[in-house]
Amino acid sequence: MIRPRAVSRRSGSRARGLAILSLPGLWVAAVLGLVYAVPGGVQWAPAAVAAPVIACAGTGRRRCVLVSGGLAVAAVAVPDTGQRLGTEAAVLAVLAVCFRLADRRARLAAELDRTREIAAAAQQVLLPPLPRCVGGLAVAGDHLSASRGARVGGDLYEVLATPYGVRAVIGDVRGHGLEAVATVAALLGSFREAAHDEPELGGVLHRLDRALHRHLRGRVHAAEEFVTLMLLELDEDCGVQVINCGHPQPYRLCPGHPGQPGARPLETGEPFPPLGLFEPGPDPKAVPCGELQPGQALFLHTDGVMDARDAAGEFFPLLPVLEEAAQAAAHDGALSAPDLVDAVRASFLRHTRGRLTDDMALLVLHRDAPRVPVQAGAQAGSARTATGVPGVPRP
């Protein structure tokens with residue numbers, strides 16, 4: 001399905017492109033109009049020299065530059081002036097320079113496109129899109145980088161199905177943008193191995209701590225580097241365990257449950273300091289946080305969400321936005337994790353007007369409520385009524 005807004009954007013872009021292409025021809029036509037409208041006096045024909053320059057600055061296409069140069073030469077040749085040869089020579093000189101610039105611009109644009117493709121592929125490997133379902137849980141996430149044009153920054157998340165249950169991590173590296181990407185890569189690589197190897201979340205935390213210290217070894221300001229981090233584990237019964245290292249508390253979402261708030265903070269106990277600012281003890285314990293009931297979800301975020309301000313300096317109202325988004329993303333009593341993330345992201349961008357001062361990340365883990373097919377249940381009930389034996393119809 002093609003959205004009307006996308007169609008209007010494409011049609012508007014096409015109209016702007018046609019207008020830019022026609023500018024050199026319109027300029028030459030205006031010059032000729034002035035030549036014949038104001039005979040004698042001021043010589044307007046030399047102004048046609050600007051046509052190749054306009055084409056080079058507008059489209060940068062070599063063919064457009066050549067066509068505009070030909071139009072300029074023709075426009076100069078039409079009026080009978082004593083400066084015709086000098087003006088034509090000037091047009092040809094400007095045409096040669098503009099053609100050379102257009103050729104260089106085309107090569108640089110192709111090189112830039114290739115560089116963007118390589119950067120996008122590298123960022124895709126570092127922080128690939130989350131699968132829609134992990135270990136029976138619906139999963140959705142999103143992130144925005146404070147560095148313009150970058151898709152990754154100093155925030156990280158990952159969700160994995162392991163022999164010990166579904167394990168997730170969300171973190172925020174000190175600093176933001178591209179300067180923090182190397183630390184993000186080191187931590188994510190360590191988590192993706194440790195989550196499968198370590199039977200306890202405390203062991204995963206130890207592995208992440210060692211990976212961070214190895215990565216920072218030899219740096220001048222290594223003692224000032226830290227990472228706020230949260231590790232989660234959901235076992236087969238969706239019992240939740242958490243280790244919090246200075247990270248913002250997650251929220252438990254209960255959309256559609258009467259008498260319960262749509263979103264409430266998940267009690268994760270007294271947090272540890274951020275990773276890098278303390279040495280984990282011999283046995284850091286995960287905090288049990290109850291069971292994630294069918295239909296409920298966990299919403300995790302980085303502090304770039306809470307700390308975002310609008311033009312008036314007001315902080316982003318996360319809790320009211322989250323409750324409203326949870327209700328809007330509940331369809332027929334079932335929460336849609338991707339719709340929830342999209343709604344919070346849209347509210348965040350409206351609040352900040354797209355001007356980010358820090359990276360942000362969102363992560364949702366949703367336990368879908370079981371559904372019983374009504375038609376199948378009705379058929380089984382009718383068969384049971386007819387014969388007294390479930391599933392066996394009367395002859």
# chains A, B, ... in the order shown; residues from 1 in each chain; ligands from 1
call {"tool": "residues_around", "arguments": {"residues": "Ala138 of chain A", "least_positions_apart": "4", "cutoff": "8 Å", "atoms": "only C-alpha atoms", "output": "list in words"}}
result
Arg132, Cys133, Val134, Ala337, Val364, Leu365, His366, Arg367 and Asp368 of chain A
call {"tool": "closest_residue", "arguments": {"among": "A:Ala334, A:Val204, A:Ala263, A:Leu275", "to": "Pro294 of chain A", "atoms": "only C-alpha atoms"}}
result
A:Ala334
call {"tool": "select_by_dssp", "arguments": {"residues": "segment 206-260 of chain A", "states": "helix (DSSP H, G or I)", "output": "ChimeraX atom specification"}}
result
/A:206-216,222-224
call {"tool": "residues_around", "arguments": {"residues": "Lys285 of chain A", "least_positions_apart": "5", "cutoff": "8 Å", "atoms": "only C-alpha atoms", "output": "PyMOL selection string"}}
result
chain A and resi 201-202+243
call {"tool": "closest_residue", "arguments": {"among": "A:Asp332, A:Glu324, A:Glu117, A:Asp283", "to": "Gly203 of chain A", "atoms": "only C-alpha atoms"}}
result
A:Asp283
call {"tool": "select_by_dssp", "arguments": {"residues": "segment 72-305 of chain A", "states": "strand (DSSP E)", "output": "CSV table (one decimal) with all heavy atoms, in the first residue's frame"}}
result
chain,number,residue,atom,x,y,z
A,133,CYS,N,10.3,-11.7,17.1
A,133,CYS,CA,10.0,-12.6,18.2
A,133,CYS,C,11.3,-13.3,18.7
A,133,CYS,O,12.0,-13.8,17.9
A,133,CYS,CB,9.0,-13.6,17.8
A,133,CYS,SG,8.4,-14.8,19.1
A,134,VAL,N,11.5,-13.3,20.0
A,134,VAL,CA,12.7,-14.0,20.6
A,134,VAL,C,12.2,-14.8,21.8
A,134,VAL,O,11.7,-14.3,22.7
A,134,VAL,CB,13.7,-13.0,21.1
A,134,VAL,CG1,14.9,-13.7,21.7
A,134,VAL,CG2,14.2,-12.1,19.9
A,137,LEU,N,8.7,-14.2,23.0
A,137,LEU,CA,8.4,-12.8,23.4
A,137,LEU,C,8.4,-11.9,22.1
A,137,LEU,O,9.3,-12.1,21.3
A,137,LEU,CB,9.3,-12.3,24.4
A,137,LEU,CG,9.4,-12.9,25.8
A,137,LEU,CD1,10.5,-12.3,26.6
A,137,LEU,CD2,8.1,-12.7,26.5
A,138,ALA,N,7.4,-11.1,22.0
A,138,ALA,CA,7.4,-10.1,20.9
A,138,ALA,C,8.4,-9.0,21.3
A,138,ALA,O,8.4,-8.5,22.5
A,138,ALA,CB,6.0,-9.5,20.7
A,139,VAL,N,9.2,-8.6,20.4
A,139,VAL,CA,10.3,-7.7,20.7
A,139,VAL,C,10.3,-6.5,19.6
A,139,VAL,O,10.0,-6.7,18.5
A,139,VAL,CB,11.7,-8.4,20.6
A,139,VAL,CG1,12.9,-7.4,20.8
A,139,VAL,CG2,11.8,-9.5,21.6
A,140,ALA,N,10.6,-5.3,20.1
A,140,ALA,CA,10.7,-4.2,19.2
A,140,ALA,C,11.7,-3.2,19.9
A,140,ALA,O,11.8,-3.1,21.1
A,140,ALA,CB,9.4,-3.5,19.0
A,141,GLY,N,12.4,-2.5,19.1
A,141,GLY,CA,13.4,-1.5,19.6
A,141,GLY,C,13.7,-0.5,18.5
A,141,GLY,O,13.4,-0.6,17.3
A,142,ASP,N,14.3,0.6,19.0
A,142,ASP,CA,14.6,1.7,18.1
A,142,ASP,C,15.7,2.6,18.8
A,142,ASP,O,15.8,2.6,20.0
A,142,ASP,CB,13.4,2.6,17.8
A,142,ASP,CG,13.6,3.4,16.5
A,142,ASP,OD1,14.7,3.3,15.9
A,142,ASP,OD2,12.7,4.1,16.1
A,143,HIS,N,16.5,3.3,18.0
A,143,HIS,CA,17.5,4.1,18.5
A,143,HIS,C,17.8,5.3,17.6
A,143,HIS,O,17.5,5.2,16.4
A,143,HIS,CB,18.8,3.3,18.7
A,143,HIS,CG,19.4,2.7,17.5
A,143,HIS,ND1,18.9,1.6,16.9
A,143,HIS,CD2,20.4,3.1,16.6
A,143,HIS,CE1,19.5,1.3,15.8
A,143,HIS,NE2,20.4,2.2,15.6
A,144,LEU,N,18.2,6.4,18.1
A,144,LEU,CA,18.5,7.6,17.4
A,144,LEU,C,19.9,8.1,17.9
A,144,LEU,O,20.2,8.1,19.1
A,144,LEU,CB,17.5,8.7,17.6
A,144,LEU,CG,16.1,8.4,17.0
A,144,LEU,CD1,15.1,9.5,17.4
A,144,LEU,CD2,16.1,8.3,15.5
A,155,ASP,N,24.4,4.4,22.6
A,155,ASP,CA,23.4,3.6,23.2
A,155,ASP,C,23.4,2.2,22.6
A,155,ASP,O,23.7,2.1,21.3
A,155,ASP,CB,22.0,4.2,23.1
A,155,ASP,CG,21.9,5.4,24.0
A,155,ASP,OD1,22.8,5.8,24.7
A,155,ASP,OD2,20.8,6.1,23.9
A,156,LEU,N,23.1,1.2,23.4
A,156,LEU,CA,23.2,-0.2,22.8
A,156,LEU,C,22.0,-1.0,23.4
A,156,LEU,O,21.5,-0.7,24.5
A,156,LEU,CB,24.5,-0.8,23.2
A,156,LEU,CG,24.8,-0.9,24.7
A,156,LEU,CD1,24.6,-2.4,25.2
A,156,LEU,CD2,26.3,-0.5,25.0
A,157,TYR,N,21.6,-2.0,22.7
A,157,TYR,CA,20.6,-3.0,23.2
A,157,TYR,C,20.8,-4.3,22.4
A,157,TYR,O,21.2,-4.3,21.2
A,157,TYR,CB,19.2,-2.4,23.2
A,157,TYR,CG,18.7,-2.0,21.8
A,157,TYR,CD1,18.4,-2.9,20.8
A,157,TYR,CD2,18.5,-0.7,21.5
A,157,TYR,CE1,17.9,-2.5,19.6
A,157,TYR,CE2,18.0,-0.2,20.3
A,157,TYR,CZ,17.7,-1.2,19.3
A,157,TYR,OH,17.2,-0.8,18.1
A,158,GLU,N,20.3,-5.3,23.0
A,158,GLU,CA,20.4,-6.6,22.3
A,158,GLU,C,19.4,-7.6,23.1
A,158,GLU,O,19.3,-7.5,24.3
A,158,GLU,CB,21.8,-7.2,22.3
A,158,GLU,CG,21.9,-8.6,21.5
A,158,GLU,CD,21.5,-8.5,20.1
A,158,GLU,OE1,20.3,-8.4,19.8
A,158,GLU,OE2,22.4,-8.5,19.2
A,159,VAL,N,18.8,-8.5,22.4
A,159,VAL,CA,17.9,-9.5,23.0
A,159,VAL,C,18.2,-10.8,22.3
A,159,VAL,O,18.3,-10.9,21.1
A,159,VAL,CB,16.4,-9.2,22.7
A,159,VAL,CG1,15.5,-10.2,23.4
A,159,VAL,CG2,16.1,-7.7,23.2
A,160,LEU,N,18.5,-11.8,23.2
A,160,LEU,CA,18.9,-13.1,22.7
A,160,LEU,C,18.2,-14.2,23.4
A,160,LEU,O,17.8,-14.1,24.6
A,160,LEU,CB,20.4,-13.3,23.0
A,160,LEU,CG,21.4,-12.4,22.3
A,160,LEU,CD1,22.8,-12.6,22.9
A,160,LEU,CD2,21.4,-12.5,20.8
A,161,ALA,N,17.9,-15.3,22.7
A,161,ALA,CA,17.3,-16.5,23.2
A,161,ALA,C,18.5,-17.4,23.6
A,161,ALA,O,19.3,-17.8,22.7
A,161,ALA,CB,16.4,-17.2,22.2
A,162,THR,N,18.6,-17.8,24.9
A,162,THR,CA,19.8,-18.5,25.4
A,162,THR,C,19.3,-19.8,26.1
A,162,THR,O,18.1,-20.0,26.3
A,162,THR,CB,20.6,-17.7,26.3
A,162,THR,OG1,19.9,-17.6,27.6
A,162,THR,CG2,20.9,-16.3,25.8
A,165,GLY,N,17.2,-18.9,29.1
A,165,GLY,CA,16.0,-18.0,28.9
A,165,GLY,C,16.3,-16.9,28.0
A,165,GLY,O,17.4,-16.8,27.4
A,166,VAL,N,15.4,-15.9,27.9
A,166,VAL,CA,15.6,-14.8,27.1
A,166,VAL,C,16.4,-13.8,27.9
A,166,VAL,O,16.1,-13.4,29.0
A,166,VAL,CB,14.3,-14.1,26.6
A,166,VAL,CG1,14.6,-12.8,25.9
A,166,VAL,CG2,13.5,-15.1,25.7
A,167,ARG,N,17.5,-13.3,27.3
A,167,ARG,CA,18.4,-12.3,28.0
A,167,ARG,C,18.5,-11.1,27.1
A,167,ARG,O,18.6,-11.2,25.9
A,167,ARG,CB,19.8,-12.9,28.3
A,167,ARG,CG,19.8,-13.9,29.4
A,167,ARG,CD,21.1,-14.5,29.7
A,167,ARG,NE,21.1,-15.3,31.0
A,167,ARG,CZ,22.1,-16.0,31.4
A,167,ARG,NH1,23.3,-16.0,30.7
A,167,ARG,NH2,22.0,-16.6,32.6
A,168,ALA,N,18.4,-9.9,27.8
A,168,ALA,CA,18.5,-8.7,27.1
A,168,ALA,C,19.4,-7.7,27.9
A,168,ALA,O,19.7,-7.9,29.1
A,168,ALA,CB,17.1,-8.0,27.1
A,169,VAL,N,20.0,-6.8,27.1
A,169,VAL,CA,20.9,-5.8,27.7
A,169,VAL,C,20.5,-4.4,27.0
A,169,VAL,O,20.1,-4.4,25.8
A,169,VAL,CB,22.4,-6.1,27.4
A,169,VAL,CG1,22.7,-6.1,25.9
A,169,VAL,CG2,23.3,-5.1,28.1
A,170,ILE,N,20.5,-3.4,27.8
A,170,ILE,CA,20.4,-2.0,27.3
A,170,ILE,C,21.4,-1.2,28.1
A,170,ILE,O,21.6,-1.4,29.3
A,170,ILE,CB,19.0,-1.5,27.4
A,170,ILE,CG1,18.8,-0.1,26.8
A,170,ILE,CG2,18.5,-1.4,28.9
A,170,ILE,CD1,17.4,0.3,26.6
A,171,GLY,N,22.1,-0.3,27.4
A,171,GLY,CA,23.1,0.5,28.0
A,171,GLY,C,23.4,1.8,27.3
A,171,GLY,O,22.9,2.1,26.2
A,172,ASP,N,24.1,2.6,28.0
A,172,ASP,CA,24.4,4.0,27.6
A,172,ASP,C,25.8,4.3,27.9
A,172,ASP,O,26.2,4.4,29.1
A,172,ASP,CB,23.5,5.0,28.2
A,172,ASP,CG,23.7,6.4,27.7
A,172,ASP,OD1,24.5,6.6,26.9
A,172,ASP,OD2,23.0,7.3,28.2
A,173,VAL,N,26.7,4.4,26.9
A,173,VAL,CA,28.1,4.7,27.1
A,173,VAL,C,28.3,6.2,27.3
A,173,VAL,O,27.6,7.0,26.7
A,173,VAL,CB,28.9,4.3,25.8
A,173,VAL,CG1,30.4,4.7,25.9
A,173,VAL,CG2,28.8,2.8,25.6
A,227,VAL,N,29.7,3.2,31.8
A,227,VAL,CA,28.6,2.7,31.1
A,227,VAL,C,27.4,2.4,32.0
A,227,VAL,O,27.6,1.6,32.9
A,227,VAL,CB,28.9,1.5,30.2
A,227,VAL,CG1,27.7,1.1,29.4
A,227,VAL,CG2,30.1,1.7,29.3
A,228,THR,N,26.3,3.1,31.9
A,228,THR,CA,25.1,2.7,32.6
A,228,THR,C,24.5,1.5,31.9
A,228,THR,O,24.4,1.5,30.6
A,228,THR,CB,24.1,3.8,32.7
A,228,THR,OG1,23.6,4.1,31.4
A,228,THR,CG2,24.7,5.0,33.4
A,229,LEU,N,24.1,0.5,32.6
A,229,LEU,CA,23.8,-0.8,32.0
A,229,LEU,C,22.7,-1.5,32.7
A,229,LEU,O,22.6,-1.4,34.0
A,229,LEU,CB,25.1,-1.7,31.9
A,229,LEU,CG,25.1,-2.9,31.0
A,229,LEU,CD1,25.3,-2.5,29.6
A,229,LEU,CD2,26.2,-3.9,31.5
A,230,MET,N,21.9,-2.2,32.0
A,230,MET,CA,20.9,-3.1,32.7
A,230,MET,C,20.8,-4.4,31.9
A,230,MET,O,20.7,-4.5,30.7
A,230,MET,CB,19.5,-2.4,32.6
A,230,MET,CG,18.4,-3.3,33.3
A,230,MET,SD,16.8,-2.4,33.4
A,230,MET,CE,17.3,-1.2,34.6
A,231,LEU,N,20.9,-5.5,32.7
A,231,LEU,CA,20.8,-6.9,32.2
A,231,LEU,C,19.5,-7.4,32.7
A,231,LEU,O,19.1,-7.3,33.9
A,231,LEU,CB,21.9,-7.7,32.7
A,231,LEU,CG,23.3,-7.4,32.2
A,231,LEU,CD1,24.4,-8.2,33.0
A,231,LEU,CD2,23.5,-7.6,30.8
A,232,LEU,N,18.8,-8.1,31.8
A,232,LEU,CA,17.5,-8.8,32.2
A,232,LEU,C,17.5,-10.2,31.7
A,232,LEU,O,18.1,-10.6,30.7
A,232,LEU,CB,16.3,-8.1,31.5
A,232,LEU,CG,15.9,-6.7,32.0
A,232,LEU,CD1,16.6,-5.6,31.2
A,232,LEU,CD2,14.4,-6.5,31.9
A,233,GLU,N,16.8,-11.0,32.5
A,233,GLU,CA,16.6,-12.4,32.1
A,233,GLU,C,15.2,-12.8,32.4
A,233,GLU,O,14.6,-12.5,33.4
A,233,GLU,CB,17.5,-13.3,32.9
A,233,GLU,CG,17.4,-14.8,32.6
A,233,GLU,CD,18.3,-15.7,33.5
A,233,GLU,OE1,19.5,-15.6,33.3
A,233,GLU,OE2,17.8,-16.4,34.3
A,234,LEU,N,14.5,-13.5,31.4
A,234,LEU,CA,13.2,-14.0,31.5
A,234,LEU,C,13.2,-15.5,31.3
A,234,LEU,O,13.6,-16.0,30.2
A,234,LEU,CB,12.2,-13.4,30.5
A,234,LEU,CG,11.9,-11.9,30.8
A,234,LEU,CD1,12.9,-11.0,30.1
A,234,LEU,CD2,10.5,-11.6,30.3
A,239,GLY,N,9.5,-15.4,34.5
A,239,GLY,CA,10.0,-14.7,35.7
A,239,GLY,C,11.2,-13.8,35.3
A,239,GLY,O,12.1,-14.2,34.6
A,240,VAL,N,11.1,-12.6,35.9
A,240,VAL,CA,12.0,-11.5,35.5
A,240,VAL,C,13.1,-11.4,36.5
A,240,VAL,O,12.8,-11.3,37.7
A,240,VAL,CB,11.3,-10.2,35.3
A,240,VAL,CG1,12.3,-9.1,34.8
A,240,VAL,CG2,10.2,-10.4,34.2
A,241,GLN,N,14.4,-11.4,36.1
A,241,GLN,CA,15.5,-11.0,37.0
A,241,GLN,C,16.3,-9.9,36.3
A,241,GLN,O,16.4,-9.9,35.1
A,241,GLN,CB,16.4,-12.2,37.2
A,241,GLN,CG,15.7,-13.4,37.9
A,241,GLN,CD,16.8,-14.4,38.3
A,241,GLN,OE1,17.5,-14.3,39.3
A,241,GLN,NE2,16.7,-15.5,37.6
A,242,VAL,N,16.8,-9.0,37.2
A,242,VAL,CA,17.4,-7.8,36.7
A,242,VAL,C,18.7,-7.5,37.5
A,242,VAL,O,18.8,-7.7,38.7
A,242,VAL,CB,16.5,-6.6,36.8
A,242,VAL,CG1,17.2,-5.3,36.4
A,242,VAL,CG2,15.3,-6.8,35.9
A,243,ILE,N,19.8,-7.1,36.7
A,243,ILE,CA,20.9,-6.4,37.4
A,243,ILE,C,21.0,-5.0,36.8
A,243,ILE,O,21.1,-4.9,35.6
A,243,ILE,CB,22.2,-7.2,37.1
A,243,ILE,CG1,22.2,-8.6,37.8
A,243,ILE,CG2,23.4,-6.4,37.6
A,243,ILE,CD1,23.5,-9.4,37.6
A,244,ASN,N,20.9,-4.0,37.6
A,244,ASN,CA,20.9,-2.6,37.2
A,244,ASN,C,22.2,-2.0,37.6
A,244,ASN,O,22.5,-1.9,38.8
A,244,ASN,CB,19.7,-1.9,37.8
A,244,ASN,CG,19.5,-0.5,37.2
A,244,ASN,OD1,20.4,0.0,36.5
A,244,ASN,ND2,18.5,0.1,37.6
A,245,CYS,N,22.9,-1.4,36.7
A,245,CYS,CA,24.2,-0.7,37.0
A,245,CYS,C,24.0,0.8,36.6
A,245,CYS,O,24.4,1.3,35.5
A,245,CYS,CB,25.4,-1.3,36.2
A,245,CYS,SG,25.8,-2.9,36.7
A,251,TYR,N,9.8,0.1,32.8
A,251,TYR,CA,8.4,0.2,33.1
A,251,TYR,C,7.7,-1.1,32.8
A,251,TYR,O,8.0,-1.8,31.8
A,251,TYR,CB,7.7,1.3,32.4
A,251,TYR,CG,8.1,2.7,32.9
A,251,TYR,CD1,9.2,3.4,32.3
A,251,TYR,CD2,7.4,3.3,33.9
A,251,TYR,CE1,9.6,4.6,32.8
A,251,TYR,CE2,7.7,4.6,34.3
A,251,TYR,CZ,8.8,5.2,33.8
A,251,TYR,OH,9.2,6.5,34.2
A,252,ARG,N,6.8,-1.5,33.6
A,252,ARG,CA,5.9,-2.7,33.3
A,252,ARG,C,4.6,-2.1,32.8
A,252,ARG,O,3.9,-1.2,33.4
A,252,ARG,CB,5.6,-3.5,34.6
A,252,ARG,CG,4.8,-4.7,34.3
A,252,ARG,CD,4.3,-5.3,35.6
A,252,ARG,NE,5.4,-5.7,36.5
A,252,ARG,CZ,5.9,-7.0,36.5
A,252,ARG,NH1,5.4,-7.9,35.7
A,252,ARG,NH2,6.9,-7.3,37.4
A,253,LEU,N,4.2,-2.5,31.6
A,253,LEU,CA,3.0,-2.0,30.9
A,253,LEU,C,1.9,-3.0,31.1
A,253,LEU,O,2.1,-4.2,30.9
A,253,LEU,CB,3.3,-1.8,29.4
A,253,LEU,CG,4.5,-0.9,29.1
A,253,LEU,CD1,4.6,-0.7,27.6
A,253,LEU,CD2,4.3,0.5,29.8
A,263,ALA,N,1.2,2.1,33.0
A,263,ALA,CA,2.6,1.9,33.1
A,263,ALA,C,3.0,2.2,34.5
A,263,ALA,O,2.6,3.2,35.0
A,263,ALA,CB,3.3,2.8,32.0
A,264,ARG,N,3.9,1.4,35.0
A,264,ARG,CA,4.4,1.7,36.4
A,264,ARG,C,5.9,1.2,36.4
A,264,ARG,O,6.2,0.2,35.8
A,264,ARG,CB,3.6,1.0,37.5
A,264,ARG,CG,3.5,-0.5,37.4
A,264,ARG,CD,2.7,-1.1,38.5
A,264,ARG,NE,2.7,-2.5,38.6
A,264,ARG,CZ,1.9,-3.3,38.0
A,264,ARG,NH1,0.9,-2.8,37.2
A,264,ARG,NH2,2.0,-4.6,38.1
A,265,PRO,N,6.7,1.9,37.2
A,265,PRO,CA,8.1,1.5,37.3
A,265,PRO,C,8.3,0.1,37.8
A,265,PRO,O,7.6,-0.4,38.7
A,265,PRO,CB,8.7,2.5,38.2
A,265,PRO,CG,7.8,3.7,38.2
A,265,PRO,CD,6.4,3.1,38.0
A,287,VAL,N,18.2,-9.3,40.8
A,287,VAL,CA,17.1,-9.1,41.6
A,287,VAL,C,15.8,-9.6,41.0
A,287,VAL,O,15.5,-9.3,39.8
A,287,VAL,CB,16.9,-7.5,41.8
A,287,VAL,CG1,15.7,-7.2,42.6
A,287,VAL,CG2,18.1,-6.9,42.5
A,288,PRO,N,15.1,-10.6,41.7
A,288,PRO,CA,13.8,-11.0,41.1
A,288,PRO,C,12.8,-9.9,41.1
A,288,PRO,O,12.6,-9.2,42.1
A,288,PRO,CB,13.4,-12.2,42.1
A,288,PRO,CG,14.5,-12.3,43.1
A,288,PRO,CD,15.4,-11.1,43.0
A,289,CYS,N,12.1,-9.8,40.0
A,289,CYS,CA,11.1,-8.7,39.8
A,289,CYS,C,9.7,-9.3,39.5
A,289,CYS,O,8.9,-8.6,38.8
A,289,CYS,CB,11.6,-7.8,38.7
A,289,CYS,SG,13.2,-7.0,39.1
A,290,GLY,N,9.4,-10.5,39.9
A,290,GLY,CA,8.1,-11.0,39.6
A,290,GLY,C,8.0,-11.6,38.2
A,290,GLY,O,9.0,-11.8,37.5
A,291,GLU,N,6.8,-12.0,37.9
A,291,GLU,CA,6.6,-12.6,36.6
A,291,GLU,C,5.9,-11.7,35.6
A,291,GLU,O,5.1,-10.8,36.0
A,291,GLU,CB,5.6,-13.8,36.8
A,291,GLU,CG,5.4,-14.6,35.6
A,291,GLU,CD,4.5,-15.8,35.8
A,291,GLU,OE1,4.5,-16.3,37.0
A,291,GLU,OE2,3.7,-16.3,34.9
A,297,ALA,N,4.0,-6.1,29.2
A,297,ALA,CA,5.3,-5.8,28.5
A,297,ALA,C,6.2,-5.0,29.4
A,297,ALA,O,5.8,-4.4,30.4
A,297,ALA,CB,5.0,-5.0,27.2
A,298,LEU,N,7.5,-5.1,29.1
A,298,LEU,CA,8.5,-4.3,29.7
A,298,LEU,C,9.0,-3.3,28.7
A,298,LEU,O,9.3,-3.6,27.6
A,298,LEU,CB,9.7,-5.2,30.2
A,298,LEU,CG,9.4,-6.2,31.3
A,298,LEU,CD1,10.6,-7.1,31.5
A,298,LEU,CD2,8.9,-5.5,32.5
A,299,PHE,N,9.1,-2.1,29.2
A,299,PHE,CA,9.6,-1.0,28.4
A,299,PHE,C,10.9,-0.5,29.0
A,299,PHE,O,10.9,0.0,30.1
A,299,PHE,CB,8.5,0.2,28.3
A,299,PHE,CG,9.0,1.4,27.5
A,299,PHE,CD1,8.8,1.4,26.2
A,299,PHE,CD2,9.6,2.4,28.2
A,299,PHE,CE1,9.3,2.6,25.5
A,299,PHE,CE2,10.0,3.6,27.5
A,299,PHE,CZ,9.9,3.6,26.1
A,300,LEU,N,12.0,-0.5,28.2
A,300,LEU,CA,13.3,-0.1,28.6
A,300,LEU,C,13.7,1.1,27.8
A,300,LEU,O,13.4,1.2,26.6
A,300,LEU,CB,14.3,-1.2,28.5
A,300,LEU,CG,14.1,-2.5,29.4
A,300,LEU,CD1,13.1,-3.5,28.7
A,300,LEU,CD2,15.4,-3.2,29.7
A,301,HIS,N,14.5,2.0,28.4
A,301,HIS,CA,15.0,3.1,27.7
A,301,HIS,C,16.3,3.6,28.2
A,301,HIS,O,16.7,3.2,29.3
A,301,HIS,CB,13.9,4.2,27.8
A,301,HIS,CG,13.7,4.7,29.2
A,301,HIS,ND1,14.3,5.8,29.8
A,301,HIS,CD2,12.9,4.2,30.1
A,301,HIS,CE1,13.9,5.9,31.0
A,301,HIS,NE2,13.0,4.9,31.3
call {"tool": "atom_distance", "arguments": {"atom1": "atom CA of Leu208 of chain A", "atom2": "atom CA of Phe191 of chain A"}}
result
6.5 Å
call {"tool": "atom_distance", "arguments": {"atom1": "atom CA of Leu212 of chain A", "atom2": "atom CA of Asp303 of chain A"}}
result
20.2 Å
call {"tool": "decode", "arguments": {"residues": "segment 47-67 of chain A", "atoms": "C-alpha atoms", "output": "PDB file, in the first residue's frame"}}
result
ATOM      1  CA  ALA A  47      24.507  37.959 -19.126  1.00  0.00           C
ATOM      2  CA  ALA A  48      23.798  34.645 -20.904  1.00  0.00           C
ATOM      3  CA  VAL A  49      27.271  33.519 -19.739  1.00  0.00           C
ATOM      4  CA  ALA A  50      25.673  32.692 -16.373  1.00  0.00           C
ATOM      5  CA  ALA A  51      23.549  29.856 -17.839  1.00  0.00           C
ATOM      6  CA  PRO A  52      26.255  27.114 -17.540  1.00  0.00           C
ATOM      7  CA  VAL A  53      27.052  28.336 -14.020  1.00  0.00           C
ATOM      8  CA  ILE A  54      23.385  28.024 -13.030  1.00  0.00           C
ATOM      9  CA  ALA A  55      23.247  24.497 -14.491  1.00  0.00           C
ATOM     10  CA  CYS A  56      26.429  23.460 -12.673  1.00  0.00           C
ATOM     11  CA  ALA A  57      25.221  24.824  -9.347  1.00  0.00           C
ATOM     12  CA  GLY A  58      21.692  23.477  -9.756  1.00  0.00           C
ATOM     13  CA  THR A  59      21.843  19.928 -11.099  1.00  0.00           C
ATOM     14  CA  GLY A  60      25.568  19.309 -11.538  1.00  0.00           C
ATOM     15  CA  ARG A  61      24.804  17.133 -14.574  1.00  0.00           C
ATOM     16  CA  ARG A  62      27.300  17.406 -17.404  1.00  0.00           C
ATOM     17  CA  ARG A  63      24.629  17.057 -20.078  1.00  0.00           C
ATOM     18  CA  CYS A  64      22.640  19.921 -18.546  1.00  0.00           C
ATOM     19  CA  VAL A  65      25.789  22.070 -18.448  1.00  0.00           C
ATOM     20  CA  LEU A  66      26.458  21.365 -22.163  1.00  0.00           C
ATOM     21  CA  VAL A  67      22.877  22.128 -23.172  1.00  0.00           C
TER      22      VAL A  67
END
